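**Student:** Sending over entry14.csv (CSV, C-alpha atoms).
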```
chain,number,residue,atom,x,y,z
A,1,TYR,CA,79.4,96.4,80.9
A,2,THR,CA,81.3,93.7,79.1
A,3,GLU,CA,83.6,96.3,77.4
A,4,HIS,CA,84.8,97.8,80.7
A,5,ILE,CA,84.1,95.5,83.6
A,6,LYS,CA,86.6,92.6,83.4
A,7,ARG,CA,87.3,91.8,87.0
A,8,GLU,CA,86.7,88.3,88.5
A,9,GLY,CA,83.0,87.7,89.2
A,10,ALA,CA,81.8,90.2,86.6
A,11,ALA,CA,80.7,87.6,84.1
A,12,GLU,CA,78.9,85.6,86.7
A,13,LEU,CA,77.1,88.8,88.0
A,14,LEU,CA,75.9,89.6,84.4
A,15,ASP,CA,74.7,86.0,84.0
A,16,TYR,CA,72.7,86.4,87.2
A,17,LEU,CA,71.2,89.7,86.1
A,18,CYS,CA,70.2,88.1,82.8
A,19,SER,CA,68.6,85.1,84.6
A,20,SER,CA,65.1,84.5,85.7
A,21,GLY,CA,66.3,85.1,89.3
A,22,SER,CA,66.8,88.8,88.6
A,23,ASP,CA,64.4,91.5,87.5
A,24,PHE,CA,67.1,94.0,86.7
A,25,PHE,CA,66.4,94.2,82.9
A,26,ILE,CA,62.6,94.3,83.3
A,27,ALA,CA,62.0,96.2,86.5
A,28,PRO,CA,60.9,99.8,86.6
A,29,ALA,CA,63.3,102.4,88.0
A,30,SER,CA,60.6,103.6,90.4
A,31,THR,CA,56.9,103.0,91.0
A,32,ARG,CA,55.7,106.6,90.7
A,33,PHE,CA,58.4,108.8,89.1
A,34,HIS,CA,61.3,108.3,86.6
A,35,GLY,CA,61.3,105.1,84.6
A,36,ASN,CA,58.1,103.8,86.1
A,37,TYR,CA,57.7,101.2,83.3
A,38,PRO,CA,59.2,97.8,82.5
A,39,GLY,CA,62.9,98.1,81.7
A,40,GLY,CA,63.1,101.5,83.3
A,41,LEU,CA,65.7,100.5,85.9
A,42,CYS,CA,68.1,99.3,83.2
A,43,GLU,CA,67.4,102.3,81.1
A,44,HIS,CA,68.1,104.6,84.0
A,45,SER,CA,71.4,102.9,84.8
A,46,ILE,CA,72.6,103.3,81.2
A,47,ASN,CA,71.5,107.0,81.2
A,48,VAL,CA,73.4,107.5,84.4
A,49,TYR,CA,76.5,106.0,82.8
A,50,GLN,CA,76.1,108.2,79.8
A,51,CYS,CA,75.5,111.3,81.9
A,52,LEU,CA,78.4,110.6,84.2
A,53,THR,CA,80.7,110.0,81.2
A,54,GLU,CA,79.6,113.2,79.6
A,55,TYR,CA,80.3,115.2,82.8
A,56,LEU,CA,83.7,113.6,83.1
A,57,ASN,CA,84.6,114.8,79.6
A,58,ARG,CA,83.9,118.5,80.5
A,59,PRO,CA,87.1,120.5,80.9
A,60,TYR,CA,86.6,121.4,84.6
A,61,THR,CA,86.0,117.8,85.6
A,62,LYS,CA,88.9,116.5,83.5
A,63,THR,CA,91.2,118.9,85.4
A,64,LEU,CA,89.8,117.7,88.7
A,65,PHE,CA,89.9,114.0,87.9
A,66,GLN,CA,93.3,113.9,86.2
A,67,ASN,CA,92.6,110.3,85.0
A,68,GLU,CA,92.2,109.2,88.7
A,69,TYR,CA,89.5,106.6,87.9
A,70,SER,CA,89.6,103.8,85.4
A,71,LYS,CA,86.9,103.1,82.8
A,72,GLU,CA,86.0,100.0,84.8
A,73,SER,CA,85.5,102.0,88.0
A,74,ILE,CA,83.3,104.5,86.2
A,75,ALA,CA,81.2,101.7,84.7
A,76,ILE,CA,80.8,99.8,88.0
A,77,VAL,CA,79.7,102.9,89.9
A,78,SER,CA,77.2,104.1,87.2
A,79,LEU,CA,75.8,100.9,85.8
A,80,LEU,CA,75.5,99.1,89.2
A,81,HIS,CA,74.6,102.0,91.5
A,82,ASP,CA,71.0,100.7,91.6
A,83,ILE,CA,71.9,97.0,91.6
A,84,CYS,CA,69.6,96.4,94.6
A,85,LYS,CA,66.9,98.9,93.6
A,86,ASP,CA,64.3,96.1,92.9
A,87,THR,CA,65.5,93.7,95.7
A,88,PRO,CA,62.6,92.8,98.0
A,89,LYS,CA,62.7,94.2,101.6
A,90,ASN,CA,63.3,90.8,103.2
A,91,GLU,CA,66.3,90.2,101.0
A,92,GLN,CA,67.8,93.6,101.7
A,93,LEU,CA,67.3,93.0,105.4
A,94,GLN,CA,69.1,89.8,105.0
A,95,ILE,CA,72.0,91.6,103.4
A,96,PHE,CA,72.1,94.1,106.2
A,97,SER,CA,72.1,91.3,108.8
A,98,GLU,CA,74.8,89.3,107.0
A,99,PHE,CA,77.2,92.2,106.7
A,100,GLY,CA,76.5,94.0,109.9
A,101,ILE,CA,74.6,97.0,108.7
A,102,ILE,CA,72.5,98.7,111.4
A,103,LEU,CA,69.8,101.0,110.2
A,104,SER,CA,69.0,104.2,112.0
A,105,ALA,CA,65.4,105.0,113.0
A,106,LEU,CA,65.1,107.2,110.0
A,107,GLU,CA,66.5,104.6,107.6
A,108,GLU,CA,64.2,101.9,109.0
A,109,SER,CA,61.2,104.0,107.8
A,110,ALA,CA,62.8,105.1,104.5
A,111,PHE,CA,62.8,102.1,102.3
A,112,LYS,CA,63.8,104.2,99.2
A,113,LEU,CA,67.3,104.6,100.9
A,114,TRP,CA,67.9,101.0,101.4
A,115,HIS,CA,69.1,100.1,97.9
A,116,ALA,CA,72.1,102.3,98.2
A,117,MET,CA,73.3,100.6,101.4
A,118,SER,CA,72.5,97.1,100.3
A,119,GLY,CA,74.0,97.9,96.8
A,120,ALA,CA,77.3,99.0,98.3
A,121,CYS,CA,77.4,95.8,100.4
A,122,TYR,CA,76.6,93.7,97.3
A,123,ILE,CA,79.3,95.1,95.1
A,124,GLN,CA,81.9,95.0,97.9
A,125,ASN,CA,81.2,91.4,98.9
A,126,ILE,CA,79.7,89.7,95.8
A,127,LEU,CA,81.7,91.5,93.1
A,128,ASN,CA,84.6,91.8,95.4
A,129,ILE,CA,85.2,95.5,94.9
A,130,LYS,CA,87.9,96.7,97.4
A,131,ASP,CA,88.1,100.4,96.3
A,132,ALA,CA,86.6,102.3,99.2
A,133,ASP,CA,85.7,105.3,97.0
A,134,ILE,CA,83.6,103.1,94.6
A,135,ILE,CA,81.8,101.5,97.5
A,136,SER,CA,81.1,104.8,99.2
A,137,ALA,CA,80.0,106.4,95.9
A,138,VAL,CA,77.2,103.7,95.6
A,139,ARG,CA,76.4,104.0,99.3
A,140,CYS,CA,75.8,107.8,99.3
A,141,HIS,CA,74.4,108.3,95.8
A,142,THR,CA,70.9,109.0,97.3
A,143,THR,CA,71.8,111.0,100.4
A,144,ALA,CA,75.2,112.6,99.7
A,145,LYS,CA,77.4,113.1,102.8
A,146,ALA,CA,80.0,115.5,104.1
A,147,GLY,CA,83.5,115.1,102.7
A,148,MET,CA,82.5,113.6,99.4
A,149,SER,CA,85.1,112.7,96.9
A,150,LEU,CA,84.9,113.8,93.3
A,151,LEU,CA,83.6,110.4,92.2
A,152,GLU,CA,80.9,110.5,94.9
A,153,LYS,CA,79.8,114.0,93.7
A,154,ILE,CA,79.8,113.0,90.1
A,155,ILE,CA,77.6,109.9,90.5
A,156,TYR,CA,75.2,111.8,92.9
A,157,LEU,CA,74.7,114.5,90.2
A,158,ALA,CA,74.6,112.1,87.3
A,159,ASP,CA,71.8,110.1,89.1
A,160,PHE,CA,70.1,113.4,89.9
A,161,THR,CA,70.2,114.8,86.3
A,162,SER,CA,70.2,111.8,84.0
A,163,GLU,CA,68.1,112.0,80.8
A,164,ASP,CA,65.2,110.0,82.2
A,165,ARG,CA,64.7,112.4,85.1
A,166,ASP,CA,61.7,114.5,84.4
A,167,TYR,CA,60.8,116.1,87.8
A,168,GLU,CA,59.9,119.8,87.9
A,169,GLY,CA,63.3,121.5,88.1
A,170,ALA,CA,65.3,118.8,86.3
A,171,ASP,CA,66.4,121.1,83.5
A,172,GLU,CA,67.5,123.8,86.0
A,173,MET,CA,69.6,121.2,87.8
A,174,ARG,CA,71.3,120.2,84.5
A,175,LYS,CA,72.0,123.9,83.9
A,176,ALA,CA,73.5,124.1,87.4
A,177,VAL,CA,76.0,121.3,86.4
A,178,ASP,CA,76.9,123.5,83.4
A,179,ILE,CA,78.0,126.2,85.8
A,180,GLY,CA,80.2,124.0,88.0
A,181,LEU,CA,80.4,121.0,90.2
A,182,GLU,CA,80.2,122.7,93.6
A,183,HIS,CA,77.4,125.0,92.5
A,184,ALA,CA,75.4,122.0,91.2
A,185,MET,CA,76.0,120.1,94.5
A,186,ARG,CA,74.7,123.1,96.5
A,187,GLU,CA,71.6,123.4,94.3
A,188,ALA,CA,70.9,119.7,94.4
A,189,LEU,CA,71.1,119.5,98.2
A,190,ILE,CA,68.9,122.6,98.6
A,191,PHE,CA,66.4,121.1,96.2
A,192,THR,CA,66.4,117.8,98.0
A,193,ILE,CA,66.0,119.2,101.5
A,194,ASP,CA,63.2,121.6,100.4
A,195,ASP,CA,61.4,118.8,98.6
A,196,LEU,CA,61.5,116.5,101.6
A,197,LYS,CA,60.4,119.2,104.0
A,198,GLN,CA,57.5,120.1,101.7
A,199,LYS,CA,56.4,116.4,101.7
A,200,GLY,CA,56.7,116.3,105.5
A,201,MET,CA,59.5,113.7,105.3
A,202,PRO,CA,62.6,113.6,107.5
A,203,VAL,CA,66.0,114.6,106.0
A,204,HIS,CA,68.8,112.1,106.5
A,205,GLU,CA,71.7,113.4,108.6
A,206,ASP,CA,74.2,112.7,105.8
A,207,THR,CA,72.3,115.0,103.6
A,208,LEU,CA,72.2,117.7,106.2
A,209,ASN,CA,75.9,117.3,106.9
A,210,ALA,CA,76.6,117.6,103.1
A,211,TYR,CA,74.5,120.8,103.0
A,212,ARG,CA,76.2,122.3,106.0
A,213,GLU,CA,79.6,121.7,104.5
A,214,ILE,CA,78.9,123.2,101.1
A,215,VAL,CA,76.9,126.4,102.0
```
Let me see the file written as structure tokens.
**Tutor:**
Amino acid sequence: YTEHIKREGAAELLDYLCSSGSDFFIAPASTRFHGNYPGGLCEHSINVYQCLTEYLNRPYTKTLFQNEYSKESIAIVSLLHDICKDTPKNEQLQIFSEFGIILSALEESAFKLWHAMSGACYIQNILNIKDADIISAVRCHTTAKAGMSLLEKIIYLADFTSEDRDYEGADEMRKAVDIGLEHAMREALIFTIDDLKQKGMPVHEDTLNAYREIV
């Protein structure tokens, strides 16, 4: 974080994350699945940074990126993609209200999606990030969407396949990334849609649009 994120407000944000007002370094990444232990959220964020960086160093992604994104941008997207993961519901609702975010009926009942939306608002308005691609990458890292940029796809896949992910099929997803970015996106979207349907849960329209575009 301190090596790559130098912009105004970065030091203050780190001070807050280290303070008693934040649980970022002690919170679990989830309550039931990956990183469901104290410190899991921070560990997951670091794993996503390492995974994303490793993917960027692969020949096919180097060719696609062509040094388009700075090290700071990569660090912000990966280390802070779950910045609001442990933020209580009432505080996230306050963020939505303050910055004019209107939840769809599906989103209102899907709390696990909220942190991506509130996190995008947070880094845009608190850390003063103006790069639309960075903001959008945080916003869609759980649902994907149609017309994703390379950065959006990379963070989506890094979050999906980071070292701490141990769901059934995680190793197959990592192998899919070895084959290629578009192949991995297709497999990840199919996996997500099938998993949600098996659990009887609705699929976000952004996810469906991403799937329709790539198949």
**Student:** Enter the distance from CA of Ala146 in chain A to CA of His81 in chain A, in Å, rounded to one decimal.
**Tutor:** 19.2 Å
**Student:** When you count all atoms listed in the file, which of these residues is closest to Ser109 in chain A: A:Tyr156, A:Ser73, A:Lys89, A:Leu150?
**Tutor:**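 Looking at the shortest contact to Ser109 in chain A, the residue is A:Lys89.
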**Student:** Give me, as a list in words, all polymer residues having an atom no more than 7 Å from His115 in chain A, counting all atoms listed in the file and skipping those fewer than 6 positions away in the same chain.
**Tutor:** Asp82, Cys84 and Lys85 of chain A
**Student:** Using Å and a single decimal, report how far CA of Ala158 in chain A sits from CA of Glu68 in chain A.
**Tutor:**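 According to the coordinates, CA of Glu68 in chain A and CA of Ala158 in chain A are separated by 17.9 Å.
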**Student:** So that each row is one residue of range 24-143 of chain A with an atom at most 10 Å from range 201-213 of chain A, can you give its shortest atom pair and the distance in Å to one decimal, using all atoms listed in the file, rows by chain and rising number, as JSON lines?
**Tutor:**
```
{"residue": "A:Ser104", "atom": "CA", "partner": "A:His204", "partner_atom": "CA", "distance": 9.6}
{"residue": "A:Leu106", "atom": "CA", "partner": "A:His204", "partner_atom": "CA", "distance": 7.1}
{"residue": "A:Glu107", "atom": "CA", "partner": "A:His204", "partner_atom": "CA", "distance": 7.9}
{"residue": "A:Ser109", "atom": "CA", "partner": "A:Pro202", "partner_atom": "CA", "distance": 9.7}
{"residue": "A:Ala110", "atom": "CA", "partner": "A:Pro202", "partner_atom": "CA", "distance": 9.0}
{"residue": "A:Leu113", "atom": "CA", "partner": "A:His204", "partner_atom": "CA", "distance": 9.5}
{"residue": "A:Cys140", "atom": "CA", "partner": "A:Asp206", "partner_atom": "CA", "distance": 8.3}
{"residue": "A:Thr142", "atom": "CA", "partner": "A:Thr207", "partner_atom": "CA", "distance": 8.8}
{"residue": "A:Thr143", "atom": "CA", "partner": "A:Thr207", "partner_atom": "CA", "distance": 5.1}
```
**Student:** Find the residue from A:Leu79, A:Ala120, A:Ile126, A:Ile134 that sits nearest to Leu52 in chain A; use only C-alpha atoms when measuring.
**Tutor:**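 Under the stated criterion, the closest residue is A:Leu79.
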**Student:** Using all atoms listed in the file, can you tell me which of A:Ser22, A:Thr53, A:Gln94, A:Ser30 comes closest to Leu157 in chain A?
**Tutor:**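 Counting all atoms listed in the file, the residue closest to Leu157 in chain A is A:Thr53.
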**Student:** With a distance cut-off of 9 Å and all atoms listed in the file, select the neighbouring residues of Tyr167 in chain A, excluding the residue or stretch itself and same-chain residues fewer than 2 positions from it, and output the selection as a ChimeraX atom specification.
**Tutor:** /A:33-34,165,169-171
**Student:** For the residues in that selection, give me C-alpha atoms as a short mmCIF file (atom, residue, chain, number, x, y, z; two decimals), in the frame of the given file.
**Tutor:**
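Just written: result_31.cif:
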```cif
data_model
loop_
_atom_site.label_atom_id
_atom_site.label_comp_id
_atom_site.auth_asym_id
_atom_site.auth_seq_id
_atom_site.Cartn_x
_atom_site.Cartn_y
_atom_site.Cartn_z
CA PHE A 33 58.40 108.80 89.10
CA HIS A 34 61.30 108.30 86.60
CA ARG A 165 64.70 112.40 85.10
CA GLY A 169 63.30 121.50 88.10
CA ALA A 170 65.30 118.80 86.30
CA ASP A 171 66.40 121.10 83.50
#
```
**Student:** Interatomic distance between CA of Val48 in chain A and CA of Arg139 in chain A?
**Tutor:**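 Rounded to one decimal, the two atoms are 15.6 Å apart.
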**Student:** Find, counting all atoms listed in the file, the residue in A:Phe99, A:Tyr1, A:Phe160, A:Tyr69 that gets nearest to Asp133 in chain A.
**Tutor:**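 Ranked by minimum distance to Asp133 in chain A, first place goes to A:Tyr69.
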**Student:** Looking at all atoms listed in the file, which of A:Ala144, A:Glu163, A:Ile83, A:Gly35 is the one that sits closest to Ile193 in chain A?
**Tutor:**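 Ranking A:Ala144, A:Glu163, A:Ile83, A:Gly35 by distance to Ile193 in chain A, first place goes to A:Ala144.
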**Student:** Using 8 Å of padding on each side, determine the axis-aligned box around all atoms of range 194-212 of chain A present in the file and give its centre and edge lengths in Å to one decimal, as JSON.
**Tutor:**
```
{"center_x": 66.5, "center_y": 117.2, "center_z": 103.6, "size_x": 36.2, "size_y": 26.2, "size_z": 26.0}
```
**Student:** Do you know which residues are at most 12 Å from His4 in chain A counting only C-alpha atoms, after dropping those on the same chain fewer than 4 positions away, and could you put them as a list in words?
**Tutor:** Ala10, Ala11, Tyr49, Ser70, Lys71, Glu72, Ser73, Ile74, Ala75, Ile76, Val77, Ser78 and Leu79 of chain A
**Student:** Using only C-alpha atoms, determine which residues lie at most 7 Å from Glu152 in chain A, disregarding the query and same-chain residues fewer than 3 positions distant; provide the list as a list in words.
**Tutor:**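 The contact residues come out as Ala137, His141, Met148, Ser149, Ile155 and Tyr156 of chain A.
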**Student:** I'd like to know which of A:Tyr37, A:Trp114, A:Tyr60, A:Tyr16 is closest to Val177 in chain A, using all atoms listed in the file.
**Tutor:**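 Smallest distance to Val177 in chain A is found for A:Tyr60.
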